[in-house]
Amino acid sequence: MLLHQLLHPQITEILARSGHTSKVLIADGNYPAGTKLGPNAELVSLNLSPGVVSCTQVLKALLSAIPVEKVSTMQPEKTGPYAMKEDPPVWAEYRAALEEAGISLDLEPIERWDFYKVAEGSDVALVIQTADQNLYANILLTIGVRKP
């Protein structure tokens, strides 16, 4: 029996094979996971219906199971139909989840097109596709070191 909040067997297996500096992408419902999957990444689809499950729910489960040393988000565009003047509201949920887990890390935004390149990199081990409907809800975790 597991003591943490992550119960999904395939996700647990992939994380167990991953190590320091491996990356995990929690993708929102708009992310093109089918065409932006890195060469070493495994895709797990948890998009049951719009909003179920959310990126925040997945983040909380992962934070209970793995050490995280970096948290990157997709920077909103400054112009155009999806432009935002402030941080996306979902980022407040991410900050709260990190604080709740006792992790003192800032969100590190990456410009949208650069985020896609990083998320397609060879060090991405896992992409979890959610059905989150929030704009710019994609979040990329870098696995840290397990401390003795």
# chains A, B, ... in the order shown; residues from 1 in each chain; ligands from 1
call {"tool": "closest_atom_pairs", "arguments": {"of": "range 72-135 of chain A", "to": "range 5-26 of chain A", "cutoff": "12 Å", "atoms": "only C-alpha atoms", "output": "CSV"}}
result
residue,atom,partner,partner_atom,distance
A:Ser72,CA,A:Leu25,CA,9.3
A:Thr73,CA,A:Leu25,CA,9.7
A:Met74,CA,A:Leu25,CA,11.0
A:Tyr94,CA,A:Ile26,CA,11.6
A:Ala101,CA,A:Gln5,CA,11.6
A:Phe115,CA,A:Leu25,CA,10.5
A:Tyr116,CA,A:Leu25,CA,10.5
A:Val118,CA,A:Lys23,CA,9.5
A:Ala119,CA,A:Leu25,CA,6.8
A:Glu120,CA,A:Leu25,CA,9.6
A:Gly121,CA,A:Lys23,CA,8.9
A:Ser122,CA,A:Ser22,CA,9.0
A:Asp123,CA,A:Ser22,CA,5.2
A:Val124,CA,A:Lys23,CA,4.4
A:Ala125,CA,A:Lys23,CA,5.8
A:Leu126,CA,A:Val24,CA,4.9
A:Val127,CA,A:Leu25,CA,4.7
A:Ile128,CA,A:Ile26,CA,4.9
A:Gln129,CA,A:Ile26,CA,6.3
A:Thr130,CA,A:Ile26,CA,7.1
A:Ala131,CA,A:Ile26,CA,10.4
A:Asp132,CA,A:Ile26,CA,9.8
call {"tool": "residues_around", "arguments": {"residues": "Lys70 in chain A", "least_positions_apart": "3", "cutoff": "9 Å", "atoms": "only C-alpha atoms", "output": "JSON list (two decimals) with C-alpha atoms, in the first residue's frame"}}
result
[["chain", "number", "residue", "atom", "x", "y", "z"],
["A", 105, "LEU", "CA", 9.96, 27.11, -5.39],
["A", 106, "ASP", "CA", 8.83, 29.93, -7.62],
["A", 107, "LEU", "CA", 7.01, 29.29, -10.89],
["A", 108, "GLU", "CA", 9.39, 29.92, -13.78],
["A", 140, "LEU", "CA", 6.49, 21.27, -16.30],
["A", 141, "LEU", "CA", 8.17, 19.70, -13.28],
["A", 142, "THR", "CA", 11.86, 18.88, -13.06],
["A", 143, "ILE", "CA", 12.47, 15.94, -10.77],
["A", 144, "GLY", "CA", 14.91, 16.66, -7.97]]
call {"tool": "residues_around", "arguments": {"residues": "Gln75 in chain A", "least_positions_apart": "4", "cutoff": "12 Å", "atoms": "only C-alpha atoms", "output": "ChimeraX atom specification"}}
result
/A:79,82-88,91,107-116,135-140
call {"tool": "select_by_dssp", "arguments": {"residues": "range 30-136 of chain A", "states": "helix (DSSP H, G or I)", "output": "list in words"}}
result
Cys55, Thr56, Gln57, Val58, Leu59, Lys60, Ala61, Leu62, Leu63, Val90, Trp91, Ala92, Glu93, Tyr94, Arg95, Ala96, Ala97, Leu98, Glu99, Glu100, Arg112, Trp113, Asp114, Phe115, Tyr116, Lys117, Val118 and Ala119 of chain A
call {"tool": "write_last_selection", "arguments": {"atoms": "N, CA and C atoms", "output": "PDB file, in the first residue's frame"}}
result
ATOM      1  N   CYS A  55      -5.195  20.029 -13.853  1.00  0.00           N
ATOM      2  CA  CYS A  55      -3.743  20.052 -13.668  1.00  0.00           C
ATOM      3  C   CYS A  55      -3.388  20.179 -12.190  1.00  0.00           C
ATOM      4  N   THR A  56      -4.165  20.956 -11.450  1.00  0.00           N
ATOM      5  CA  THR A  56      -3.884  21.121 -10.024  1.00  0.00           C
ATOM      6  C   THR A  56      -4.039  19.808  -9.273  1.00  0.00           C
ATOM      7  N   GLN A  57      -5.043  19.021  -9.599  1.00  0.00           N
ATOM      8  CA  GLN A  57      -5.223  17.722  -8.951  1.00  0.00           C
ATOM      9  C   GLN A  57      -4.038  16.809  -9.226  1.00  0.00           C
ATOM     10  N   VAL A  58      -3.574  16.793 -10.454  1.00  0.00           N
ATOM     11  CA  VAL A  58      -2.421  15.964 -10.810  1.00  0.00           C
ATOM     12  C   VAL A  58      -1.168  16.487 -10.107  1.00  0.00           C
ATOM     13  N   LEU A  59      -0.999  17.801 -10.093  1.00  0.00           N
ATOM     14  CA  LEU A  59       0.161  18.394  -9.425  1.00  0.00           C
ATOM     15  C   LEU A  59       0.223  17.972  -7.959  1.00  0.00           C
ATOM     16  N   LYS A  60      -0.885  18.066  -7.259  1.00  0.00           N
ATOM     17  CA  LYS A  60      -0.901  17.683  -5.841  1.00  0.00           C
ATOM     18  C   LYS A  60      -0.508  16.218  -5.644  1.00  0.00           C
ATOM     19  N   ALA A  61      -1.007  15.349  -6.486  1.00  0.00           N
ATOM     20  CA  ALA A  61      -0.655  13.927  -6.380  1.00  0.00           C
ATOM     21  C   ALA A  61       0.837  13.718  -6.636  1.00  0.00           C
ATOM     22  N   LEU A  62       1.378  14.372  -7.657  1.00  0.00           N
ATOM     23  CA  LEU A  62       2.798  14.212  -7.967  1.00  0.00           C
ATOM     24  C   LEU A  62       3.681  14.770  -6.859  1.00  0.00           C
ATOM     25  N   LEU A  63       3.304  15.913  -6.302  1.00  0.00           N
ATOM     26  CA  LEU A  63       4.109  16.522  -5.244  1.00  0.00           C
ATOM     27  C   LEU A  63       4.175  15.641  -4.005  1.00  0.00           C
ATOM     28  N   VAL A  90      -4.974  30.069 -12.588  1.00  0.00           N
ATOM     29  CA  VAL A  90      -4.591  28.724 -12.133  1.00  0.00           C
ATOM     30  C   VAL A  90      -3.215  28.719 -11.468  1.00  0.00           C
ATOM     31  N   TRP A  91      -2.379  29.692 -11.791  1.00  0.00           N
ATOM     32  CA  TRP A  91      -1.058  29.735 -11.175  1.00  0.00           C
ATOM     33  C   TRP A  91      -1.153  29.937  -9.670  1.00  0.00           C
ATOM     34  N   ALA A  92      -2.168  30.624  -9.181  1.00  0.00           N
ATOM     35  CA  ALA A  92      -2.366  30.779  -7.736  1.00  0.00           C
ATOM     36  C   ALA A  92      -2.618  29.419  -7.093  1.00  0.00           C
ATOM     37  N   GLU A  93      -3.345  28.544  -7.791  1.00  0.00           N
ATOM     38  CA  GLU A  93      -3.572  27.185  -7.297  1.00  0.00           C
ATOM     39  C   GLU A  93      -2.250  26.420  -7.220  1.00  0.00           C
ATOM     40  N   TYR A  94      -1.388  26.601  -8.214  1.00  0.00           N
ATOM     41  CA  TYR A  94      -0.096  25.914  -8.225  1.00  0.00           C
ATOM     42  C   TYR A  94       0.770  26.388  -7.060  1.00  0.00           C
ATOM     43  N   ARG A  95       0.788  27.696  -6.841  1.00  0.00           N
ATOM     44  CA  ARG A  95       1.577  28.239  -5.728  1.00  0.00           C
ATOM     45  C   ARG A  95       1.065  27.695  -4.395  1.00  0.00           C
ATOM     46  N   ALA A  96      -0.256  27.610  -4.260  1.00  0.00           N
ATOM     47  CA  ALA A  96      -0.845  27.078  -3.027  1.00  0.00           C
ATOM     48  C   ALA A  96      -0.491  25.597  -2.850  1.00  0.00           C
ATOM     49  N   ALA A  97      -0.515  24.829  -3.932  1.00  0.00           N
ATOM     50  CA  ALA A  97      -0.173  23.400  -3.861  1.00  0.00           C
ATOM     51  C   ALA A  97       1.288  23.213  -3.464  1.00  0.00           C
ATOM     52  N   LEU A  98       2.177  24.030  -4.006  1.00  0.00           N
ATOM     53  CA  LEU A  98       3.595  23.960  -3.645  1.00  0.00           C
ATOM     54  C   LEU A  98       3.788  24.297  -2.169  1.00  0.00           C
ATOM     55  N   GLU A  99       3.124  25.337  -1.725  1.00  0.00           N
ATOM     56  CA  GLU A  99       3.229  25.736  -0.319  1.00  0.00           C
ATOM     57  C   GLU A  99       2.688  24.640   0.601  1.00  0.00           C
ATOM     58  N   GLU A 100       1.544  24.088   0.227  1.00  0.00           N
ATOM     59  CA  GLU A 100       0.933  23.002   1.014  1.00  0.00           C
ATOM     60  C   GLU A 100       1.856  21.796   1.116  1.00  0.00           C
ATOM     61  N   ARG A 112       5.725  30.829 -24.644  1.00  0.00           N
ATOM     62  CA  ARG A 112       4.895  29.741 -25.176  1.00  0.00           C
ATOM     63  C   ARG A 112       5.623  28.828 -26.165  1.00  0.00           C
ATOM     64  N   TRP A 113       6.226  29.392 -27.200  1.00  0.00           N
ATOM     65  CA  TRP A 113       6.842  28.553 -28.235  1.00  0.00           C
ATOM     66  C   TRP A 113       8.097  27.871 -27.711  1.00  0.00           C
ATOM     67  N   ASP A 114       8.820  28.528 -26.803  1.00  0.00           N
ATOM     68  CA  ASP A 114       9.977  27.884 -26.177  1.00  0.00           C
ATOM     69  C   ASP A 114       9.520  26.777 -25.229  1.00  0.00           C
ATOM     70  N   PHE A 115       8.382  26.976 -24.559  1.00  0.00           N
ATOM     71  CA  PHE A 115       7.829  25.946 -23.681  1.00  0.00           C
ATOM     72  C   PHE A 115       7.557  24.671 -24.473  1.00  0.00           C
ATOM     73  N   TYR A 116       6.961  24.824 -25.659  1.00  0.00           N
ATOM     74  CA  TYR A 116       6.711  23.647 -26.493  1.00  0.00           C
ATOM     75  C   TYR A 116       8.013  22.898 -26.797  1.00  0.00           C
ATOM     76  N   LYS A 117       9.082  23.640 -27.113  1.00  0.00           N
ATOM     77  CA  LYS A 117      10.367  23.004 -27.426  1.00  0.00           C
ATOM     78  C   LYS A 117      10.912  22.248 -26.217  1.00  0.00           C
ATOM     79  N   VAL A 118      10.856  22.867 -25.035  1.00  0.00           N
ATOM     80  CA  VAL A 118      11.347  22.215 -23.819  1.00  0.00           C
ATOM     81  C   VAL A 118      10.504  20.975 -23.524  1.00  0.00           C
ATOM     82  N   ALA A 119       9.187  21.092 -23.685  1.00  0.00           N
ATOM     83  CA  ALA A 119       8.268  19.992 -23.380  1.00  0.00           C
ATOM     84  C   ALA A 119       8.406  18.822 -24.363  1.00  0.00           C
TER      85      ALA A 119
END
call {"tool": "atom_distance", "arguments": {"atom1": "CA of Val52 in chain A", "atom2": "CA of Glu77 in chain A"}}
result
25.4 Å
call {"tool": "closest_residue", "arguments": {"among": "A:Gly102, A:Pro148, A:Pro32, A:Pro39", "to": "Val68 in chain A", "atoms": "only C-alpha atoms"}}
result
A:Gly102
call {"tool": "atom_distance", "arguments": {"atom1": "CA of Ser45 in chain A", "atom2": "CA of Leu3 in chain A"}}
result
23.6 Å
call {"tool": "closest_residue", "arguments": {"among": "A:Glu42, A:Asn134, A:Leu2, A:Pro89", "to": "Asn30 in chain A", "atoms": "only C-alpha atoms"}}
result
A:Asn134
